[in-house]
>>> print(open('data.txt').read())   # compact mmCIF, C-alpha atoms
# COMPACT_ATOMS: atom_id res chain seq x y z
CA MET A 596 9.59 16.85 28.96
CA ILE A 597 7.69 17.21 25.73
CA SER A 598 7.58 20.77 24.58
CA VAL A 599 5.18 21.61 21.79
CA ASP A 600 4.72 24.93 20.04
CA ILE A 601 3.08 24.40 16.67
CA GLU A 602 0.60 25.80 14.18
CA LYS A 603 -1.37 23.85 11.61
CA LYS A 604 -4.12 25.00 9.26
CA LEU A 605 -7.16 22.74 9.30
CA LYS A 606 -10.02 22.58 6.83
CA THR A 607 -13.26 22.48 8.79
CA TYR A 608 -16.90 22.90 7.90
CA LYS A 609 -16.55 26.51 9.03
CA GLY A 610 -13.76 27.08 6.53
CA GLN A 611 -10.05 27.17 7.21
CA GLN A 612 -9.04 27.44 10.85
CA THR A 613 -5.71 27.34 12.62
CA LEU A 614 -4.82 24.81 15.27
CA LYS A 615 -2.36 26.45 17.67
CA ILE A 616 -0.81 24.46 20.46
CA ASN A 617 1.77 25.72 22.91
CA HIS A 618 2.17 23.41 25.87
CA GLN A 619 4.67 21.42 27.92
CA PHE A 620 3.53 17.87 28.60
CA THR A 621 4.67 16.12 31.76
CA GLU A 622 7.19 13.38 31.19
CA ALA A 623 6.38 9.87 32.43
CA GLY A 624 2.91 11.04 33.23
CA VAL A 625 -0.55 10.94 31.75
CA THR A 626 -2.17 13.88 29.96
CA LYS A 627 -5.82 13.58 29.04
CA ILE A 628 -6.66 15.62 25.97
CA TYR A 629 -10.21 16.70 25.35
CA GLY A 630 -12.02 19.16 23.12
CA PRO A 631 -14.94 19.44 20.72
CA SER A 632 -15.23 17.26 17.62
CA GLY A 633 -13.18 18.53 14.72
CA ALA A 634 -10.94 20.65 16.92
CA GLY A 635 -7.84 18.80 15.74
CA LYS A 636 -7.19 16.30 18.53
CA THR A 637 -6.33 13.47 16.13
CA THR A 638 -4.31 15.82 13.92
CA PHE A 639 -2.36 16.88 17.00
CA LEU A 640 -1.47 13.28 17.91
CA LYS A 641 -0.49 12.55 14.31
CA MET A 642 1.81 15.58 14.26
CA ILE A 643 3.58 14.27 17.37
CA ALA A 644 3.90 10.80 15.81
CA GLY A 645 5.27 12.26 12.58
CA PHE A 646 2.44 11.31 10.20
CA ILE A 647 1.43 14.93 9.56
CA GLN A 648 3.69 17.98 9.40
CA PRO A 649 2.78 21.25 11.09
CA GLU A 650 3.22 24.42 9.04
CA LYS A 651 5.12 26.20 11.74
CA GLY A 652 6.73 25.45 15.06
CA LYS A 653 8.76 23.02 17.12
CA ILE A 654 8.30 19.74 18.94
CA VAL A 655 11.11 18.88 21.34
CA VAL A 656 11.10 15.58 23.21
CA ASP A 657 13.68 14.92 25.93
CA GLY A 658 15.98 17.53 24.46
CA THR A 659 15.78 16.06 20.95
CA THR A 660 14.12 18.17 18.28
CA TRP A 661 11.52 16.02 16.50
CA VAL A 662 10.10 18.90 14.49
CA GLY A 663 11.66 22.26 13.78
CA THR A 664 10.11 23.91 10.77
CA GLU A 665 12.60 26.79 10.76
CA ALA A 666 15.60 24.50 10.67
CA GLY A 667 13.79 22.11 8.32
CA ILE A 668 13.91 19.26 10.84
CA SER A 669 11.35 16.48 10.82
CA LEU A 670 12.32 13.17 12.36
CA PRO A 671 10.63 10.25 10.55
CA PRO A 672 8.03 8.25 12.56
CA GLN A 673 10.41 5.26 12.58
CA LYS A 674 12.90 7.26 14.66
CA ARG A 675 10.31 8.78 16.99
CA LEU A 676 8.99 5.32 17.90
CA ALA A 677 5.89 6.69 19.57
CA GLY A 678 3.34 3.94 20.23
CA PHE A 679 0.12 4.93 18.48
CA VAL A 680 -3.38 3.63 19.14
CA PHE A 681 -5.52 4.58 16.15
CA GLN A 682 -9.16 5.49 16.45
CA ASP A 683 -9.92 3.05 13.60
CA TYR A 684 -7.47 0.53 15.20
CA ALA A 685 -5.50 0.16 11.91
CA LEU A 686 -4.99 -3.55 12.48
CA PHE A 687 -3.30 -5.55 9.74
CA PRO A 688 -5.96 -7.82 8.14
CA ASN A 689 -3.32 -10.37 7.07
CA MET A 690 -1.85 -10.92 10.55
CA THR A 691 -3.11 -12.89 13.52
CA VAL A 692 -3.13 -11.37 17.01
CA ARG A 693 0.24 -12.97 17.79
CA GLU A 694 1.71 -11.94 14.42
CA HIS A 695 0.80 -8.32 15.11
CA LEU A 696 2.92 -8.43 18.25
CA GLU A 697 5.69 -10.47 16.64
CA TYR A 698 5.87 -7.91 13.82
CA ALA A 699 6.56 -5.25 16.45
CA THR A 700 8.88 -7.13 18.84
CA THR A 701 10.92 -10.34 19.12
CA ASP A 702 10.61 -10.45 22.93
CA GLN A 703 8.42 -13.56 23.44
CA ALA A 704 8.08 -13.07 27.21
CA TRP A 705 6.83 -9.53 26.61
CA ILE A 706 4.35 -10.78 23.98
CA LYS A 707 3.03 -13.35 26.46
CA ARG A 708 2.57 -10.67 29.07
CA LEU A 709 0.78 -8.35 26.65
CA LEU A 710 -1.58 -11.10 25.51
CA ALA A 711 -2.49 -11.71 29.15
CA LEU A 712 -2.96 -7.99 29.72
CA GLY A 713 -5.37 -7.73 26.80
CA LYS A 714 -7.02 -11.05 27.69
CA LEU A 715 -6.36 -12.24 24.15
CA GLU A 716 -4.35 -15.42 24.91
CA THR A 717 -7.04 -17.74 23.60
CA LEU A 718 -7.46 -15.62 20.48
CA ALA A 719 -3.76 -15.39 19.60
CA ASP A 720 -4.20 -17.24 16.32
CA HIS A 721 -7.19 -15.26 15.12
CA LYS A 722 -7.10 -12.51 12.53
CA PRO A 723 -8.79 -9.14 13.21
CA LEU A 724 -11.80 -10.07 11.04
CA HIS A 725 -12.74 -12.70 13.63
CA LEU A 726 -12.38 -10.45 16.68
CA SER A 727 -15.09 -8.35 18.29
CA GLY A 728 -14.78 -4.56 18.34
CA GLY A 729 -13.53 -4.56 21.91
CA GLN A 730 -10.98 -7.29 21.18
CA GLN A 731 -9.72 -5.37 18.15
CA GLN A 732 -9.32 -2.25 20.23
CA ARG A 733 -7.35 -4.14 22.88
CA LEU A 734 -5.08 -5.56 20.18
CA ALA A 735 -4.49 -2.04 18.87
CA ILE A 736 -3.37 -1.00 22.38
CA LEU A 737 -1.13 -4.08 22.76
CA ARG A 738 0.56 -3.49 19.41
CA ALA A 739 1.42 0.06 20.43
CA LEU A 740 2.84 -1.21 23.73
CA ALA A 741 4.82 -4.00 22.06
CA ILE A 742 7.73 -1.67 21.26
CA LYS A 743 7.90 -0.53 24.93
CA PRO A 744 7.46 3.07 23.81
CA LYS A 745 8.76 6.01 25.82
CA LEU A 746 5.78 7.94 24.49
CA ILE A 747 2.36 6.52 23.71
CA LEU A 748 -0.33 8.40 21.81
CA MET A 749 -3.85 7.04 22.22
CA ASP A 750 -6.78 8.22 20.13
CA GLU A 751 -10.07 7.31 21.85
CA PRO A 752 -8.54 4.00 22.97
CA PHE A 753 -11.35 2.74 25.19
CA SER A 754 -14.44 3.67 23.16
CA ALA A 755 -15.39 0.10 22.25
CA LEU A 756 -14.78 -1.52 25.66
CA ASP A 757 -17.49 -2.46 28.14
CA PRO A 758 -17.25 -0.68 31.53
CA GLU A 759 -15.94 -3.71 33.38
CA MET A 760 -13.21 -4.43 30.86
CA LYS A 761 -12.32 -0.73 30.79
CA THR A 762 -11.84 -0.60 34.58
CA THR A 763 -9.60 -3.67 34.71
CA LEU A 764 -7.57 -2.68 31.65
CA LEU A 765 -7.05 0.88 32.89
CA LYS A 766 -5.76 -0.41 36.21
CA GLU A 767 -3.25 -2.70 34.54
CA LEU A 768 -2.23 -0.13 31.95
CA LYS A 769 -1.49 2.31 34.76
CA ASN A 770 0.99 -0.11 36.30
CA LEU A 771 2.55 -0.77 32.90
CA PHE A 772 2.94 2.94 32.14
CA ASP A 773 4.68 3.40 35.49
CA GLU A 774 6.93 0.42 34.87
CA LEU A 775 7.98 1.65 31.41
CA ALA A 776 8.09 5.28 32.58
CA THR A 777 6.04 6.08 29.52
CA THR A 778 4.66 9.50 28.72
CA VAL A 779 1.00 9.04 27.82
CA LEU A 780 -1.21 11.37 25.78
CA ILE A 781 -4.80 10.15 25.62
CA VAL A 782 -7.44 11.80 23.50
CA SER A 783 -10.94 11.28 24.79
CA HIS A 784 -14.27 12.98 24.31
CA ASN A 785 -15.46 11.34 27.52
CA LEU A 786 -13.15 12.46 30.32
CA PRO A 787 -15.02 10.72 33.17
CA GLU A 788 -14.04 7.34 31.67
CA LEU A 789 -10.42 8.17 32.51
CA GLU A 790 -11.20 9.12 36.11
CA SER A 791 -9.16 6.27 37.55
CA LEU A 792 -6.08 7.49 35.67
CA ASN A 793 -4.23 10.28 37.48
CA GLY A 794 -2.86 12.97 35.26
CA ASP A 795 -3.15 16.43 33.75
CA THR A 796 -5.87 17.52 31.41
CA PHE A 797 -5.37 19.61 28.30
CA ASN A 798 -8.04 21.24 26.18
CA ILE A 799 -7.69 21.57 22.42
CA ALA A 800 -9.81 24.22 20.75
CA LEU A 801 -9.58 25.92 17.38
CA ASN A 802 -8.76 29.55 16.82
CA ALA A 803 -10.56 31.04 13.88
CA MET B 629 0.18 -28.17 -36.97
CA ASP B 630 3.14 -26.04 -36.02
CA LEU B 631 2.93 -25.41 -32.27
CA ASN B 632 5.79 -22.91 -32.30
CA PRO B 633 3.50 -19.84 -32.38
CA ILE B 634 1.71 -21.09 -29.24
CA TRP B 635 4.97 -21.64 -27.30
CA LEU B 636 6.28 -18.29 -28.49
CA THR B 637 3.08 -16.58 -27.34
CA LEU B 638 3.24 -18.23 -23.91
CA ARG B 639 6.92 -17.37 -23.55
CA LEU B 640 6.18 -13.76 -24.46
CA ALA B 641 3.28 -13.60 -22.00
CA VAL B 642 5.32 -15.08 -19.12
CA ILE B 643 8.31 -12.78 -19.69
CA THR B 644 6.09 -9.71 -20.15
CA SER B 645 4.14 -10.49 -16.96
CA LEU B 646 7.33 -10.96 -14.94
CA VAL B 647 8.93 -7.77 -16.25
CA LEU B 648 5.72 -5.82 -15.63
CA LEU B 649 5.32 -7.25 -12.14
CA ALA B 650 8.82 -6.08 -11.22
CA MET B 651 8.21 -2.66 -12.75
CA GLY B 652 4.58 -2.38 -11.79
CA LEU B 653 4.87 -2.85 -8.03
CA PRO B 654 7.09 0.16 -7.30
CA LEU B 655 5.40 2.26 -9.99
CA ALA B 656 1.87 1.52 -8.72
CA TRP B 657 3.00 2.26 -5.16
CA PHE B 658 4.48 5.58 -6.29
CA LEU B 659 1.29 6.50 -8.18
CA SER B 660 -0.96 5.47 -5.29
CA ARG B 661 0.48 8.09 -2.97
CA GLY B 662 -0.67 11.68 -3.39
CA ARG B 663 -1.34 13.66 -6.54
CA SER B 664 0.94 15.91 -8.54
CA ILE B 665 0.88 17.11 -12.12
CA PHE B 666 3.85 14.83 -12.85
CA LYS B 667 1.99 11.78 -11.52
CA ILE B 668 -1.13 12.64 -13.50
CA LEU B 669 0.89 12.91 -16.74
CA LEU B 670 2.80 9.71 -16.00
CA GLU B 671 -0.42 7.84 -15.31
CA ALA B 672 -1.98 9.21 -18.49
CA ILE B 673 0.97 7.97 -20.53
CA ILE B 674 0.77 4.54 -18.88
CA THR B 675 -2.98 4.39 -19.58
CA MET B 676 -2.74 5.51 -23.24
CA PRO B 677 -2.29 2.00 -24.72
CA LEU B 678 -5.78 1.16 -23.44
CA VAL B 679 -7.38 3.57 -25.88
CA LEU B 680 -4.74 4.11 -28.56
CA PRO B 681 -4.96 1.93 -31.69
CA PRO B 682 -2.22 -0.71 -31.29
CA SER B 683 -0.98 0.10 -34.78
CA VAL B 684 -0.25 3.68 -33.69
CA LEU B 685 1.83 2.48 -30.77
CA GLY B 686 3.53 -0.08 -33.02
CA PHE B 687 4.24 2.58 -35.64
CA TYR B 688 6.00 4.89 -33.20
CA LEU B 689 7.96 2.02 -31.67
CA LEU B 690 9.00 1.03 -35.18
CA LEU B 691 10.19 4.57 -35.86
CA ALA B 692 11.92 4.91 -32.50
CA PHE B 693 13.82 1.65 -32.73
CA SER B 694 14.53 1.51 -36.43
CA PRO B 695 18.23 0.59 -36.74
CA GLN B 696 18.64 3.22 -39.45
CA HIS B 697 18.56 6.24 -37.14
CA GLY B 698 18.27 7.67 -33.65
CA VAL B 699 17.93 5.46 -30.58
CA GLY B 700 17.66 2.29 -32.65
CA LYS B 701 20.92 2.98 -34.46
CA TRP B 702 22.68 3.78 -31.20
CA LEU B 703 21.41 0.59 -29.51
CA GLN B 704 22.51 -1.42 -32.52
CA GLN B 705 25.99 0.09 -32.62
CA VAL B 706 26.75 0.23 -28.89
CA PHE B 707 24.97 -2.83 -27.49
CA ASN B 708 24.21 -4.78 -30.64
CA ILE B 709 20.54 -4.90 -29.61
CA GLN B 710 17.83 -4.70 -32.19
CA PHE B 711 14.26 -4.13 -31.13
CA VAL B 712 12.67 -4.20 -34.55
CA PHE B 713 11.66 -7.62 -35.95
CA SER B 714 13.10 -9.43 -32.92
CA PHE B 715 11.75 -11.22 -29.85
CA GLN B 716 13.15 -8.61 -27.44
CA GLY B 717 11.26 -6.03 -29.51
CA LEU B 718 8.05 -7.96 -28.86
CA VAL B 719 8.79 -8.01 -25.14
CA LEU B 720 9.41 -4.25 -25.11
CA ALA B 721 6.22 -3.54 -27.07
CA SER B 722 4.19 -5.92 -24.89
CA VAL B 723 5.49 -4.34 -21.70
CA ILE B 724 4.36 -0.91 -22.89
CA TYR B 725 1.10 -2.21 -24.33
CA SER B 726 0.04 -4.25 -21.29
CA MET B 727 1.32 -1.87 -18.61
CA PRO B 728 -2.09 -0.36 -17.70
CA PHE B 729 -3.39 -3.86 -16.95
CA MET B 730 -0.66 -4.39 -14.36
CA ILE B 731 -0.55 -0.88 -12.86
CA GLY B 732 -4.30 -0.22 -12.67
CA PRO B 733 -5.44 -3.04 -10.35
CA ILE B 734 -2.36 -2.81 -8.08
CA LYS B 735 -2.74 0.93 -7.73
CA SER B 736 -6.45 0.70 -6.88
CA GLY B 737 -5.68 -2.06 -4.40
CA LEU B 738 -3.09 0.06 -2.63
CA GLN B 739 -5.33 3.12 -2.63
CA GLY B 740 -8.12 1.05 -1.09
CA LEU B 741 -6.03 0.39 2.02
CA PRO B 742 -6.45 2.91 4.84
CA VAL B 743 -3.42 5.19 5.23
CA SER B 744 -3.38 4.32 8.94
CA LEU B 745 -2.11 0.81 8.10
CA SER B 746 1.19 2.22 6.84
CA GLN B 747 1.32 4.73 9.68
CA ALA B 748 0.83 1.97 12.25
CA SER B 749 3.72 0.07 10.69
CA TYR B 750 5.99 3.14 10.65
CA SER B 751 5.17 3.90 14.29
CA ILE B 752 6.56 0.54 15.40
CA GLY B 753 9.78 1.32 13.58
CA LYS B 754 9.26 -0.44 10.25
CA SER B 755 10.75 1.05 7.08
CA LYS B 756 8.72 1.82 3.98
CA TRP B 757 10.09 -1.32 2.34
CA GLN B 758 9.20 -3.57 5.31
CA THR B 759 5.75 -1.99 5.40
CA PHE B 760 5.28 -2.60 1.68
CA VAL B 761 6.31 -6.25 1.92
CA HIS B 762 4.67 -7.24 5.22
CA VAL B 763 1.61 -5.01 5.41
CA LEU B 764 0.60 -3.57 2.03
CA LEU B 765 1.31 -6.41 -0.41
CA PRO B 766 -0.34 -9.22 1.61
CA ASN B 767 -3.49 -7.14 1.87
CA ILE B 768 -3.92 -6.55 -1.86
CA LYS B 769 -3.61 -10.18 -2.98
CA PRO B 770 -6.85 -10.18 -5.04
CA SER B 771 -5.74 -7.04 -6.92
CA LEU B 772 -2.32 -8.54 -7.47
CA LEU B 773 -3.79 -11.72 -8.91
CA THR B 774 -6.13 -9.74 -11.15
CA ALA B 775 -3.22 -7.63 -12.40
CA ILE B 776 -1.01 -10.62 -13.22
CA VAL B 777 -3.74 -12.63 -14.97
CA LEU B 778 -5.07 -9.69 -16.98
CA THR B 779 -1.55 -8.74 -18.08
CA PHE B 780 -0.85 -12.32 -19.11
CA ALA B 781 -4.15 -12.71 -20.96
CA HIS B 782 -3.83 -9.33 -22.65
CA THR B 783 -0.36 -10.20 -23.92
CA LEU B 784 -1.71 -13.44 -25.38
CA GLY B 785 -4.22 -11.40 -27.32
CA GLU B 786 -1.86 -8.82 -28.80
CA PHE B 787 -1.96 -8.39 -32.54
CA GLY B 788 -1.52 -4.94 -34.01
CA VAL B 789 1.46 -3.76 -32.03
CA VAL B 790 3.21 -7.12 -32.43
CA LEU B 791 2.65 -7.13 -36.17
CA MET B 792 4.00 -3.61 -36.55
CA ILE B 793 7.22 -4.05 -34.60
CA GLY B 794 7.76 -7.80 -34.94
CA GLY B 795 6.39 -8.73 -38.31
CA ASN B 796 5.76 -12.39 -39.01
CA ILE B 797 9.04 -14.28 -38.67
CA PRO B 798 8.44 -17.96 -37.84
CA GLY B 799 9.98 -18.95 -34.50
CA VAL B 800 11.02 -15.37 -33.71
CA THR B 801 8.03 -13.04 -33.82
CA ARG B 802 5.23 -15.15 -35.25
CA VAL B 803 2.94 -15.37 -32.25
CA ALA B 804 -0.41 -17.22 -32.22
CA SER B 805 -2.60 -14.23 -33.06
CA ILE B 806 -0.49 -13.52 -36.13
CA ALA B 807 -0.46 -17.21 -37.10
CA VAL B 808 -4.28 -17.06 -37.11
CA TYR B 809 -4.25 -14.06 -39.44
CA ASP B 810 -1.62 -15.63 -41.64
CA SER B 811 -3.53 -18.92 -41.93
CA VAL B 812 -6.71 -17.09 -42.89
CA GLU B 813 -4.80 -15.16 -45.54
CA GLN B 814 -3.72 -18.50 -46.99
CA MET B 815 -7.30 -19.80 -46.80
CA ASP B 816 -6.13 -22.47 -44.33
CA TYR B 817 -9.15 -22.25 -42.03
CA ALA B 818 -8.43 -25.52 -40.22
CA THR B 819 -5.12 -24.23 -38.87
CA ALA B 820 -6.61 -20.83 -38.09
CA ASN B 821 -9.32 -22.58 -36.15
CA ALA B 822 -6.83 -24.72 -34.21
CA TYR B 823 -4.81 -21.67 -33.10
CA SER B 824 -7.95 -19.70 -32.32
CA LEU B 825 -9.46 -22.47 -30.25
CA ILE B 826 -6.28 -22.86 -28.17
CA LEU B 827 -6.12 -19.09 -27.54
CA PHE B 828 -9.82 -18.99 -26.73
CA CYS B 829 -9.52 -21.82 -24.19
CA ILE B 830 -6.41 -20.48 -22.43
CA THR B 831 -7.91 -17.00 -22.14
CA PHE B 832 -11.27 -18.31 -20.97
CA ILE B 833 -9.66 -20.42 -18.22
CA LEU B 834 -7.58 -17.44 -17.08
CA VAL B 835 -10.52 -15.07 -16.86
CA VAL B 836 -12.69 -17.65 -15.08
CA SER B 837 -9.89 -18.29 -12.57
CA VAL B 838 -9.76 -14.60 -11.68
CA PHE B 839 -13.49 -14.58 -11.02
CA VAL B 840 -13.23 -17.77 -8.94
CA PHE B 841 -10.24 -16.65 -6.83
CA ASN B 842 -11.74 -13.23 -6.26
CA LYS B 843 -15.23 -14.50 -5.48
CA TYR B 844 -15.19 -12.99 -2.01
CA ARG B 845 -14.99 -9.53 -3.51
CA LEU B 846 -18.30 -10.09 -5.33
CA LYS B 847 -17.17 -7.68 -7.99
CA SER B 848 -15.87 -7.89 -11.50
CA PRO B 849 -12.06 -7.79 -11.54
CA LEU B 850 -12.32 -4.95 -14.03
CA GLU B 851 -14.13 -2.63 -11.63
>>> encode(input="data.txt", output="structure tokens")
Amino acid sequence: MISVDIEKKLKTYKGQQTLKINHQFTEAGVTKIYGPSGAGKTTFLKMIAGFIQPEKGKIVVDGTTWVGTEAGISLPPQKRLAGFVFQDYALFPNMTVREHLEYATTDQAWIKRLLALGKLETLADHKPLHLSGGQQQRLAILRALAIKPKLILMDEPFSALDPEMKTTLLKELKNLFDELATTVLIVSHNLPELESLNGDTFNIALNA
Amino acid sequence: MDLNPIWLTLRLAVITSLVLLAMGLPLAWFLSRGRSIFKILLEAIITMPLVLPPSVLGFYLLLAFSPQHGVGKWLQQVFNIQFVFSFQGLVLASVIYSMPFMIGPIKSGLQGLPVSLSQASYSIGKSKWQTFVHVLLPNIKPSLLTAIVLTFAHTLGEFGVVLMIGGNIPGVTRVASIAVYDSVEQMDYATANAYSLILFCITFILVVSVFVFNKYRLKSPLE
């Protein structure tokens, strides 16, 4: 169970607004997060991952407090180990596809399986600069999965994939999530694309 | 011709570049993250030698490390180190004088990397140090090269600050730029020309190499 009750001030074009989230997310399940642009969906994921601190509130994951502003608790991202798929992919320009995965894990069998999942086996020795947008996005997903995370946070993870690739990848990801018993939070502005993925939906909107 | 001033200059430039690389990496990383009044002041102090007359810097270093009083006296008595009119004094002065050339390019390089690169590395469990070594540093190689070469070349070209704190002691503090000045004073233009030509060539090769190695950036290394 991931219990979130946080407040964070956001600067928007309408001036300062407060992002308030109070929700329990299902463990080992998928939650699809949607909401208008600029509502704080990315900020929300980054607060869970530990990249941004909320001003007020608590995040409790599996009974462990990750954030507790009153008690001054904030677990560093390295201890939260939440797989994160960035909207801008955040791939390392100096590393090949295989090196990205080897940087995250030493489990060669797992790396082989991930490369097959992302259909990147033949591109394993290429750097991000020489990958297409869709290939880069798949690598970003694989890197996040490489640590076998208990929680994975995905920010618009399928936006650059063609429909066919999206359907196959989603099917295989679903099996993988079940196998790892991973809790999945996916931000998407296009909910129908996630139709094949069973799960809850959660709307993020700003309060003025 | 006495080649000692050339060797001394090269030795000074190598040592200064190494010391500044070791100091500059953590300092540039610290300065590249966030803004605070302390960081602004620190960066201003580091940048000062770019615009301050070298003789001013040399004058204050001379005062600060004079063995007659203050810090200089204490260093002399406790550690038997003398920074005035000595080679270690030249290294100290050069480190301060060339610091902006090392810090500037590295800091801009680090700031040019998206913050999500570090975040991605943290999220897979890597420490700040691992992230710095495996993710940040390899992706700022052109900036790093620019910083090292500019620092080296700038140290070769020092004159005022070196003269103030080091003087003109053959084999100890008499670097090439001072040997040029000294030769001219003695109307020995042939020697002055020899030293000048060597300095000119070394510096020219260094600057050209930066442009060549950084050709993919299509920008001047000073930008």
>>> closest_atom_pairs(input="data.txt", of="chain A", to="chain B", cutoff="10 Å", atoms="only C-alpha atoms", output="JSON lines")
{"residue": "A:Lys641", "atom": "CA", "partner": "B:Gln747", "partner_atom": "CA", "distance": 9.3}
{"residue": "A:Ala644", "atom": "CA", "partner": "B:Ser751", "partner_atom": "CA", "distance": 7.2}
{"residue": "A:Gly645", "atom": "CA", "partner": "B:Ser751", "partner_atom": "CA", "distance": 8.5}
{"residue": "A:Phe646", "atom": "CA", "partner": "B:Gln747", "partner_atom": "CA", "distance": 6.7}
{"residue": "A:Pro671", "atom": "CA", "partner": "B:Tyr750", "partner_atom": "CA", "distance": 8.5}
{"residue": "A:Pro672", "atom": "CA", "partner": "B:Ser751", "partner_atom": "CA", "distance": 5.5}
{"residue": "A:Gln673", "atom": "CA", "partner": "B:Gly753", "partner_atom": "CA", "distance": 4.1}
{"residue": "A:Lys674", "atom": "CA", "partner": "B:Gly753", "partner_atom": "CA", "distance": 6.8}
{"residue": "A:Arg675", "atom": "CA", "partner": "B:Ser751", "partner_atom": "CA", "distance": 7.6}
{"residue": "A:Leu676", "atom": "CA", "partner": "B:Ser751", "partner_atom": "CA", "distance": 5.4}
{"residue": "A:Ala677", "atom": "CA", "partner": "B:Ser751", "partner_atom": "CA", "distance": 6.0}
{"residue": "A:Gly678", "atom": "CA", "partner": "B:Ser751", "partner_atom": "CA", "distance": 6.2}
{"residue": "A:Phe679", "atom": "CA", "partner": "B:Ser751", "partner_atom": "CA", "distance": 6.6}
{"residue": "A:Val680", "atom": "CA", "partner": "B:Ala748", "partner_atom": "CA", "distance": 8.2}
{"residue": "A:Phe681", "atom": "CA", "partner": "B:Ser744", "partner_atom": "CA", "distance": 7.5}
{"residue": "A:Gln682", "atom": "CA", "partner": "B:Ser744", "partner_atom": "CA", "distance": 9.5}
{"residue": "A:Asp683", "atom": "CA", "partner": "B:Ser744", "partner_atom": "CA", "distance": 8.1}
{"residue": "A:Tyr684", "atom": "CA", "partner": "B:Ser744", "partner_atom": "CA", "distance": 8.4}
{"residue": "A:Ala685", "atom": "CA", "partner": "B:Leu745", "partner_atom": "CA", "distance": 5.1}
{"residue": "A:Leu686", "atom": "CA", "partner": "B:Leu745", "partner_atom": "CA", "distance": 6.8}
{"residue": "A:Phe687", "atom": "CA", "partner": "B:Val763", "partner_atom": "CA", "distance": 6.6}
{"residue": "A:Pro688", "atom": "CA", "partner": "B:Asn767", "partner_atom": "CA", "distance": 6.8}
{"residue": "A:Asn689", "atom": "CA", "partner": "B:Asn767", "partner_atom": "CA", "distance": 6.1}
{"residue": "A:Met690", "atom": "CA", "partner": "B:Val763", "partner_atom": "CA", "distance": 8.6}
{"residue": "A:His695", "atom": "CA", "partner": "B:Ser749", "partner_atom": "CA", "distance": 9.9}
{"residue": "A:Tyr698", "atom": "CA", "partner": "B:Ile752", "partner_atom": "CA", "distance": 8.6}
{"residue": "A:Ala699", "atom": "CA", "partner": "B:Ile752", "partner_atom": "CA", "distance": 5.9}
{"residue": "A:Thr700", "atom": "CA", "partner": "B:Ile752", "partner_atom": "CA", "distance": 8.7}
{"residue": "A:Ala735", "atom": "CA", "partner": "B:Ala748", "partner_atom": "CA", "distance": 9.4}
{"residue": "A:Arg738", "atom": "CA", "partner": "B:Ile752", "partner_atom": "CA", "distance": 8.3}
{"residue": "A:Ala739", "atom": "CA", "partner": "B:Ile752", "partner_atom": "CA", "distance": 7.2}
{"residue": "A:Leu740", "atom": "CA", "partner": "B:Ile752", "partner_atom": "CA", "distance": 9.3}
{"residue": "A:Ala741", "atom": "CA", "partner": "B:Ile752", "partner_atom": "CA", "distance": 8.2}
{"residue": "A:Ile742", "atom": "CA", "partner": "B:Ile752", "partner_atom": "CA", "distance": 6.4}
{"residue": "A:Lys743", "atom": "CA", "partner": "B:Ile752", "partner_atom": "CA", "distance": 9.7}
{"residue": "A:Pro744", "atom": "CA", "partner": "B:Ile752", "partner_atom": "CA", "distance": 8.8}
>>> residues_around(input="data.txt", residues="segment 787-798 of chain A", least_positions_apart="4", cutoff="8 Å", atoms="only C-alpha atoms", output="list in words")
Gly624, Val625, Thr626, Lys627, Ile628, Tyr629, Gly630, Thr762, Leu765, Lys766 and Lys769 of chain A
>>> atom_distance(input="data.txt", atom1="atom CA of Gln704 of chain B", atom2="atom CA of Leu640 of chain B")
22.0 Å
>>> atom_distance(input="data.txt", atom1="atom CA of Pro758 of chain A", atom2="atom CA of Gly729 of chain A")
11.0 Å
>>> residues_around(input="data.txt", residues="segment 832-834 of chain B", least_positions_apart="4", cutoff="9 Å", atoms="only C-alpha atoms", output="PyMOL selection string")
chain B and resi 777-778+780-781+827-828+838-839
>>> write_last_selection(input="data.txt", atoms="C-alpha atoms", output="compact mmCIF listing (two decimals), in the coordinates of the input")
# COMPACT_ATOMS: atom_id res chain seq x y z
CA VAL B 777 -3.74 -12.63 -14.97
CA LEU B 778 -5.07 -9.69 -16.98
CA PHE B 780 -0.85 -12.32 -19.11
CA ALA B 781 -4.15 -12.71 -20.96
CA LEU B 827 -6.12 -19.09 -27.54
CA PHE B 828 -9.82 -18.99 -26.73
CA VAL B 838 -9.76 -14.60 -11.68
CA PHE B 839 -13.49 -14.58 -11.02
>>> atom_distance(input="data.txt", atom1="atom CA of Ser783 of chain A", atom2="atom CA of Ser632 of chain A")
10.3 Å
>>> residues_around(input="data.txt", residues="Lys609 of chain A", least_positions_apart="2", cutoff="12 Å", atoms="only C-alpha atoms", output="list of chain:residue names")
A:Leu605, A:Lys606, A:Thr607, A:Gln611, A:Gln612, A:Thr613, A:Gly633, A:Ala634, A:Leu801, A:Asn802, A:Ala803
>>> residues_around(input="data.txt", residues="Val655 of chain A", least_positions_apart="5", cutoff="7 Å", atoms="all atoms listed in the file", output="ChimeraX atom specification")
/A:597-599,660-662
>>> closest_residue(input="data.txt", among="B:Ala775, B:Ile643, B:Leu649, B:Met815", to="Ser736 of chain B", atoms="only C-alpha atoms")
B:Ala775
>>> closest_residue(input="data.txt", among="B:Ile806, B:Val789, B:Leu691, B:Val642", to="Tyr823 of chain B", atoms="only C-alpha atoms")
B:Ile806
>>> closest_residue(input="data.txt", among="B:Thr779, B:Thr637, B:Ser771, B:Ser805", to="Leu825 of chain B", atoms="all atoms listed in the file")
B:Ser805
>>> residues_around(input="data.txt", residues="Leu689 of chain B", least_positions_apart="3", cutoff="9 Å", atoms="all atoms listed in the file", output="ChimeraX atom specification")
/B:684-686,692-694,711-712,717,721,789,792-793
